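Undergrad: One structure, as structure tokens, below. Some questions next.
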Amino acid sequence: MKLIPAIDLMNGKCVRLFKGDFNKRKDFTREPHEQAKYWEKEGAECIHIVDLDAAKTGIPINDESIKKIVNQVNIPIQIGGGIRSLERIEQLLSYGVEKVIMGTSAIENKELVKDLSSKYPKRIIIGIDAKEGKVSTRGWLEQSDVLATELVKEFSSLKIASFIVTDINTDGTLAGTNEVFIKEILEITDIPVIASGGIGTISDLLSLTKFEDSGLYGVIVGKALYENKFTISEGNKILSSERIIDIPINKDYYA
């Protein structure tokens, strides 16, 4: 499994939201490209970027920050937020972005997603952000009646790179992941899955390793890294197939 650090962009700055609430944001002082370089140095193999401004309004205002990140690191970049057209995808790919994440479009323009997954096989990620099991769109500001599980089933036949699944109620809380939700998704698709939301401790990472054989490819971590709950190096050791467990484990839990 891979640990994938997250950079959420607002007005060219690194921020984190609490449960996706734009009114509950925390700004971080390091410039986005500096943060990306730091995490690459710490051992990150990929960086996850979300353009929150574009997710909210559909208008990309953080492209200069995105291009700086791509130009200053040597690891793949995956990016989401307001990606709702072929033109936008081609623009981001021209910057050197490795993979693009489509979320709102997966609800509002399914044919576009299907066409693009054929045009760019294994370079499209479907981002599914859910609250109480139902998909939210447009920067989590709008709630649909579509079940996350139904959307995963529908798109699992496409040539997509992976699903990113986020439980909004855990995101930014540092309170642990929604393992029930993650397990439900893994049981209905053979596409690699990346979990997001709620990681606060090394123990939270360790708890997810039991899903590795079920198709959990990686985990996105943001706030815990910014607040020094653990380092990327420490996280990588936990997620490595060669990990040495020195954290007390409830054996009955893993039975």
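Chain labels run A, B, ... following the order of the structure tokens; each chain numbers its residues from 1, and ligands are numbered from 1 in the order shown.
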Write out, as a tab-separated table, each residue of region 70-142 of chain A that has an atom at most 12 Å from region 172-196 of chain A, together with the closest pair of atoms and their distance in Å to one decimal, counting only C-alpha atoms, rows going by chain and rising number.
TA:
```
residue	atom	partner	partner_atom	distance
A:Ile101	CA	A:Ile194	CA	11.9
A:Lys122	CA	A:Ile191	CA	10.5
A:Ile125	CA	A:Val193	CA	9.7
A:Ile126	CA	A:Val193	CA	9.7
A:Gly127	CA	A:Ile194	CA	9.3
A:Ile128	CA	A:Ser196	CA	9.9
A:Asp129	CA	A:Ser196	CA	9.1
A:Ala130	CA	A:Phe181	CA	9.3
A:Lys131	CA	A:Phe181	CA	10.3
A:Glu132	CA	A:Phe181	CA	9.4
A:Gly133	CA	A:Phe181	CA	7.6
A:Lys134	CA	A:Phe181	CA	11.0
```
Undergrad: Would you list the contacts of Gly218 (chain A) as number ranges by chain, taking every protein, DNA or RNA residue within 6 Å and counting only C-alpha atoms, but skipping same-chain residues closer than 4 positions in sequence?
TA: A: 1-3, 194
Undergrad: Work out how far CA of Val100 (chain A) is from CA of Gly80 (chain A), in Å to one decimal.
TA: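 Computing the Euclidean distance for CA of Gly80 (chain A) and CA of Val100 (chain A) yields 5.9 Å.
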Undergrad: Could the residues of region 209-245 of chain A that have an atom at most 12 Å from region 156-163 of chain A be listed as JSON lines, each with its closest atom pair and the distance in Å to one decimal, counting only C-alpha atoms and ordered by chain and ascending residue number?
TA:
```
{"residue": "A:Gly215", "atom": "CA", "partner": "A:Ser162", "partner_atom": "CA", "distance": 10.1}
{"residue": "A:Leu216", "atom": "CA", "partner": "A:Phe163", "partner_atom": "CA", "distance": 9.8}
{"residue": "A:Tyr217", "atom": "CA", "partner": "A:Ser162", "partner_atom": "CA", "distance": 8.5}
{"residue": "A:Gly218", "atom": "CA", "partner": "A:Ser162", "partner_atom": "CA", "distance": 10.0}
{"residue": "A:Val219", "atom": "CA", "partner": "A:Phe163", "partner_atom": "CA", "distance": 11.3}
{"residue": "A:Ile220", "atom": "CA", "partner": "A:Phe163", "partner_atom": "CA", "distance": 12.0}
```
Undergrad: Could you work out how far CA of Lys99 (chain A) lies from CA of Pro76 (chain A), giving the answer in Å with one decimal?
TA: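 So the two atoms, CA of Pro76 (chain A) and CA of Lys99 (chain A), lie 8.0 Å apart.
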Undergrad: I'd like the neighbourhood of region 57-64 of chain A as a tab-separated table (two decimals) with N, CA and C atoms, in the first residue's frame, where a residue qualifies if any of its atoms comes within 7 Å (using only C-alpha atoms), though same-chain residues fewer than 4 positions away should be ignored.
TA:
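Full text of result.tsv as output:
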```tsv
chain	number	residue	atom	x	y	z
A	11	ASN	N	-6.74	29.68	-2.97
A	11	ASN	CA	-6.04	30.95	-3.19
A	11	ASN	C	-4.52	30.78	-3.18
A	12	GLY	N	-4.04	29.68	-3.75
A	12	GLY	CA	-2.61	29.45	-3.85
A	12	GLY	C	-1.94	29.01	-2.57
A	51	ASP	N	-7.84	21.03	-5.94
A	51	ASP	CA	-8.07	22.46	-6.15
A	51	ASP	C	-9.45	22.77	-5.58
A	53	ASP	N	-10.85	25.61	-4.78
A	53	ASP	CA	-11.54	26.73	-5.44
A	53	ASP	C	-12.27	26.24	-6.68
A	68	LYS	N	3.91	24.84	-10.59
A	68	LYS	CA	5.13	24.89	-9.77
A	68	LYS	C	5.40	23.54	-9.11
A	82	GLY	N	-13.00	20.34	-9.67
A	82	GLY	CA	-13.54	21.11	-10.78
A	82	GLY	C	-13.18	20.60	-12.16
```
Undergrad: What is the distance between CA of Gly103 (chain A) and CA of Val165 (chain A), in Å to one decimal?
TA: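 We find that CA of Gly103 (chain A) and CA of Val165 (chain A) lie 10.1 Å from each other.
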Undergrad: Ala6 (chain A): which residues within 9 Å, counting only C-alpha atoms, same-chain residues fewer than 4 positions away excluded, as number ranges by chain?
TA: A: 36, 47-50, 220-223, 225
Undergrad: Okay, now the selection with N, CA and C atoms, as a compact mmCIF listing (two decimals), in the first residue's frame?
TA:
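What ended up in part-v8.txt:
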```txt
# COMPACT_ATOMS: atom_id res chain seq x y z
N ALA A 36 5.33 20.13 -1.35
CA ALA A 36 5.48 18.96 -2.22
C ALA A 36 6.92 18.47 -2.24
N ILE A 47 1.85 12.46 -5.04
CA ILE A 47 1.21 13.54 -4.30
C ILE A 47 -0.19 13.77 -4.85
N HIS A 48 -1.13 13.93 -3.93
CA HIS A 48 -2.54 14.14 -4.24
C HIS A 48 -2.87 15.61 -4.05
N ILE A 49 -3.38 16.25 -5.09
CA ILE A 49 -3.73 17.67 -5.03
C ILE A 49 -5.23 17.83 -5.26
N VAL A 50 -5.85 18.69 -4.46
CA VAL A 50 -7.24 19.07 -4.68
C VAL A 50 -7.32 20.58 -4.81
N ILE A 220 -4.76 8.25 1.42
CA ILE A 220 -4.42 9.67 1.35
C ILE A 220 -4.41 10.24 2.75
N VAL A 221 -3.35 10.97 3.06
CA VAL A 221 -3.19 11.56 4.39
C VAL A 221 -2.87 13.05 4.24
N GLY A 222 -3.56 13.87 4.99
CA GLY A 222 -3.31 15.31 4.92
C GLY A 222 -2.99 15.90 6.28
N LYS A 223 -4.03 16.16 7.05
CA LYS A 223 -3.89 16.90 8.30
C LYS A 223 -2.91 16.25 9.27
N LEU A 225 -0.23 14.65 8.67
CA LEU A 225 1.15 14.96 8.28
C LEU A 225 1.47 16.42 8.58
```
Undergrad: Which of region 37-212 of chain A counts as strand (DSSP E) under DSSP, as JSON, numbers by chain please?
TA: {"A": [47, 48, 49, 50, 51, 77, 78, 79, 80, 99, 100, 101, 102, 124, 125, 126, 127, 128, 129, 130, 131, 134, 135, 136, 137, 142, 143, 144, 145, 146, 147, 162, 163, 164, 165, 166, 167, 193, 194, 195, 196]}
Undergrad: Restricted to N, CA and C atoms, what would the selected residues look like written as a tab-separated table (two decimals), in the first residue's frame?
TA:
```
chain	number	residue	atom	x	y	z
A	47	ILE	N	1.85	12.46	-5.04
A	47	ILE	CA	1.21	13.54	-4.30
A	47	ILE	C	-0.19	13.77	-4.85
A	48	HIS	N	-1.13	13.93	-3.93
A	48	HIS	CA	-2.54	14.14	-4.24
A	48	HIS	C	-2.87	15.61	-4.05
A	49	ILE	N	-3.38	16.25	-5.09
A	49	ILE	CA	-3.73	17.67	-5.03
A	49	ILE	C	-5.23	17.83	-5.26
A	50	VAL	N	-5.85	18.69	-4.46
A	50	VAL	CA	-7.24	19.07	-4.68
A	50	VAL	C	-7.32	20.58	-4.81
A	51	ASP	N	-7.84	21.03	-5.94
A	51	ASP	CA	-8.07	22.46	-6.15
A	51	ASP	C	-9.45	22.77	-5.58
A	77	ILE	N	1.94	13.17	-9.93
A	77	ILE	CA	0.94	14.03	-9.32
A	77	ILE	C	-0.44	13.60	-9.81
A	78	GLN	N	-1.37	13.46	-8.88
A	78	GLN	CA	-2.76	13.24	-9.24
A	78	GLN	C	-3.56	14.43	-8.70
A	79	ILE	N	-4.51	14.91	-9.50
A	79	ILE	CA	-5.19	16.14	-9.12
A	79	ILE	C	-6.68	16.06	-9.37
A	80	GLY	N	-7.45	16.63	-8.46
A	80	GLY	CA	-8.89	16.72	-8.60
A	80	GLY	C	-9.37	18.11	-8.21
A	99	LYS	N	-2.28	11.83	-13.34
A	99	LYS	CA	-3.66	11.35	-13.34
A	99	LYS	C	-4.60	12.46	-12.89
A	100	VAL	N	-5.82	12.43	-13.44
A	100	VAL	CA	-6.83	13.43	-13.08
A	100	VAL	C	-8.00	12.73	-12.41
A	101	ILE	N	-8.60	13.42	-11.46
A	101	ILE	CA	-9.68	12.86	-10.65
A	101	ILE	C	-10.98	13.53	-11.03
A	102	MET	N	-11.96	12.73	-11.39
A	102	MET	CA	-13.28	13.25	-11.74
A	102	MET	C	-14.27	12.83	-10.67
A	124	ILE	N	-7.50	8.24	-15.59
A	124	ILE	CA	-8.67	8.86	-14.95
A	124	ILE	C	-8.95	8.13	-13.64
A	125	ILE	N	-9.06	8.90	-12.59
A	125	ILE	CA	-9.47	8.38	-11.27
A	125	ILE	C	-10.88	8.88	-10.99
A	126	ILE	N	-11.73	8.01	-10.48
A	126	ILE	CA	-13.06	8.43	-10.06
A	126	ILE	C	-13.03	8.73	-8.57
A	127	GLY	N	-13.32	9.97	-8.21
A	127	GLY	CA	-13.36	10.37	-6.81
A	127	GLY	C	-14.79	10.31	-6.29
A	128	ILE	N	-14.99	9.51	-5.27
A	128	ILE	CA	-16.33	9.36	-4.70
A	128	ILE	C	-16.30	9.83	-3.25
A	129	ASP	N	-16.92	10.98	-3.03
A	129	ASP	CA	-16.98	11.59	-1.70
A	129	ASP	C	-18.40	11.37	-1.17
A	130	ALA	N	-18.52	10.71	-0.04
A	130	ALA	CA	-19.84	10.30	0.43
A	130	ALA	C	-20.12	10.74	1.85
A	131	LYS	N	-21.36	11.06	2.09
A	131	LYS	CA	-21.86	11.36	3.43
A	131	LYS	C	-23.06	10.46	3.68
A	134	LYS	N	-24.08	8.38	0.69
A	134	LYS	CA	-24.55	9.01	-0.54
A	134	LYS	C	-23.54	10.03	-1.04
A	135	VAL	N	-23.42	10.13	-2.37
A	135	VAL	CA	-22.37	10.91	-2.99
A	135	VAL	C	-22.65	12.42	-2.91
A	136	SER	N	-21.62	13.18	-2.52
A	136	SER	CA	-21.69	14.64	-2.53
A	136	SER	C	-20.90	15.15	-3.73
A	137	THR	N	-21.28	16.32	-4.24
A	137	THR	CA	-20.63	16.89	-5.42
A	137	THR	C	-20.32	18.37	-5.21
A	142	GLU	N	-23.04	20.06	-2.45
A	142	GLU	CA	-24.33	19.53	-2.88
A	142	GLU	C	-24.40	18.04	-2.60
A	143	GLN	N	-25.56	17.61	-2.10
A	143	GLN	CA	-25.75	16.22	-1.74
A	143	GLN	C	-26.69	15.54	-2.72
A	144	SER	N	-26.27	14.41	-3.28
A	144	SER	CA	-27.12	13.67	-4.20
A	144	SER	C	-27.82	12.53	-3.47
A	145	ASP	N	-28.69	11.84	-4.18
A	145	ASP	CA	-29.35	10.66	-3.64
A	145	ASP	C	-28.69	9.37	-4.16
A	146	VAL	N	-27.56	9.53	-4.86
A	146	VAL	CA	-26.88	8.39	-5.46
A	146	VAL	C	-26.01	7.69	-4.41
A	147	LEU	N	-26.18	6.40	-4.29
A	147	LEU	CA	-25.36	5.63	-3.36
A	147	LEU	C	-23.96	5.46	-3.91
A	162	SER	N	-8.20	4.07	-10.77
A	162	SER	CA	-8.57	3.70	-9.41
A	162	SER	C	-9.81	4.48	-8.99
A	163	PHE	N	-10.36	4.11	-7.85
A	163	PHE	CA	-11.36	4.89	-7.15
A	163	PHE	C	-10.69	5.53	-5.93
A	164	ILE	N	-11.00	6.79	-5.66
A	164	ILE	CA	-10.67	7.39	-4.37
A	164	ILE	C	-11.99	7.54	-3.61
A	165	VAL	N	-12.08	6.93	-2.45
A	165	VAL	CA	-13.32	7.00	-1.68
A	165	VAL	C	-13.07	7.75	-0.38
A	166	THR	N	-13.89	8.74	-0.15
A	166	THR	CA	-13.77	9.59	1.03
A	166	THR	C	-15.06	9.60	1.80
A	167	ASP	N	-14.97	9.32	3.08
A	167	ASP	CA	-16.12	9.49	3.97
A	167	ASP	C	-16.01	10.90	4.54
A	193	VAL	N	-8.47	0.64	-5.07
A	193	VAL	CA	-9.16	1.65	-4.26
A	193	VAL	C	-8.16	2.38	-3.38
A	194	ILE	N	-8.33	3.70	-3.31
A	194	ILE	CA	-7.54	4.55	-2.42
A	194	ILE	C	-8.49	5.14	-1.39
A	195	ALA	N	-8.17	4.97	-0.12
A	195	ALA	CA	-9.03	5.47	0.95
A	195	ALA	C	-8.58	6.87	1.38
A	196	SER	N	-9.54	7.68	1.78
A	196	SER	CA	-9.23	9.04	2.21
A	196	SER	C	-10.18	9.45	3.32
```
Undergrad: Mind checking DSSP for region 16-242 of chain A and telling me the helix (DSSP H, G or I) residues as a PyMOL selection string?
TA: chain A and resi 32-42+52-57+63-72+86-95+104-108+110-119+148-155+179-186+202-214+223-226+232-239
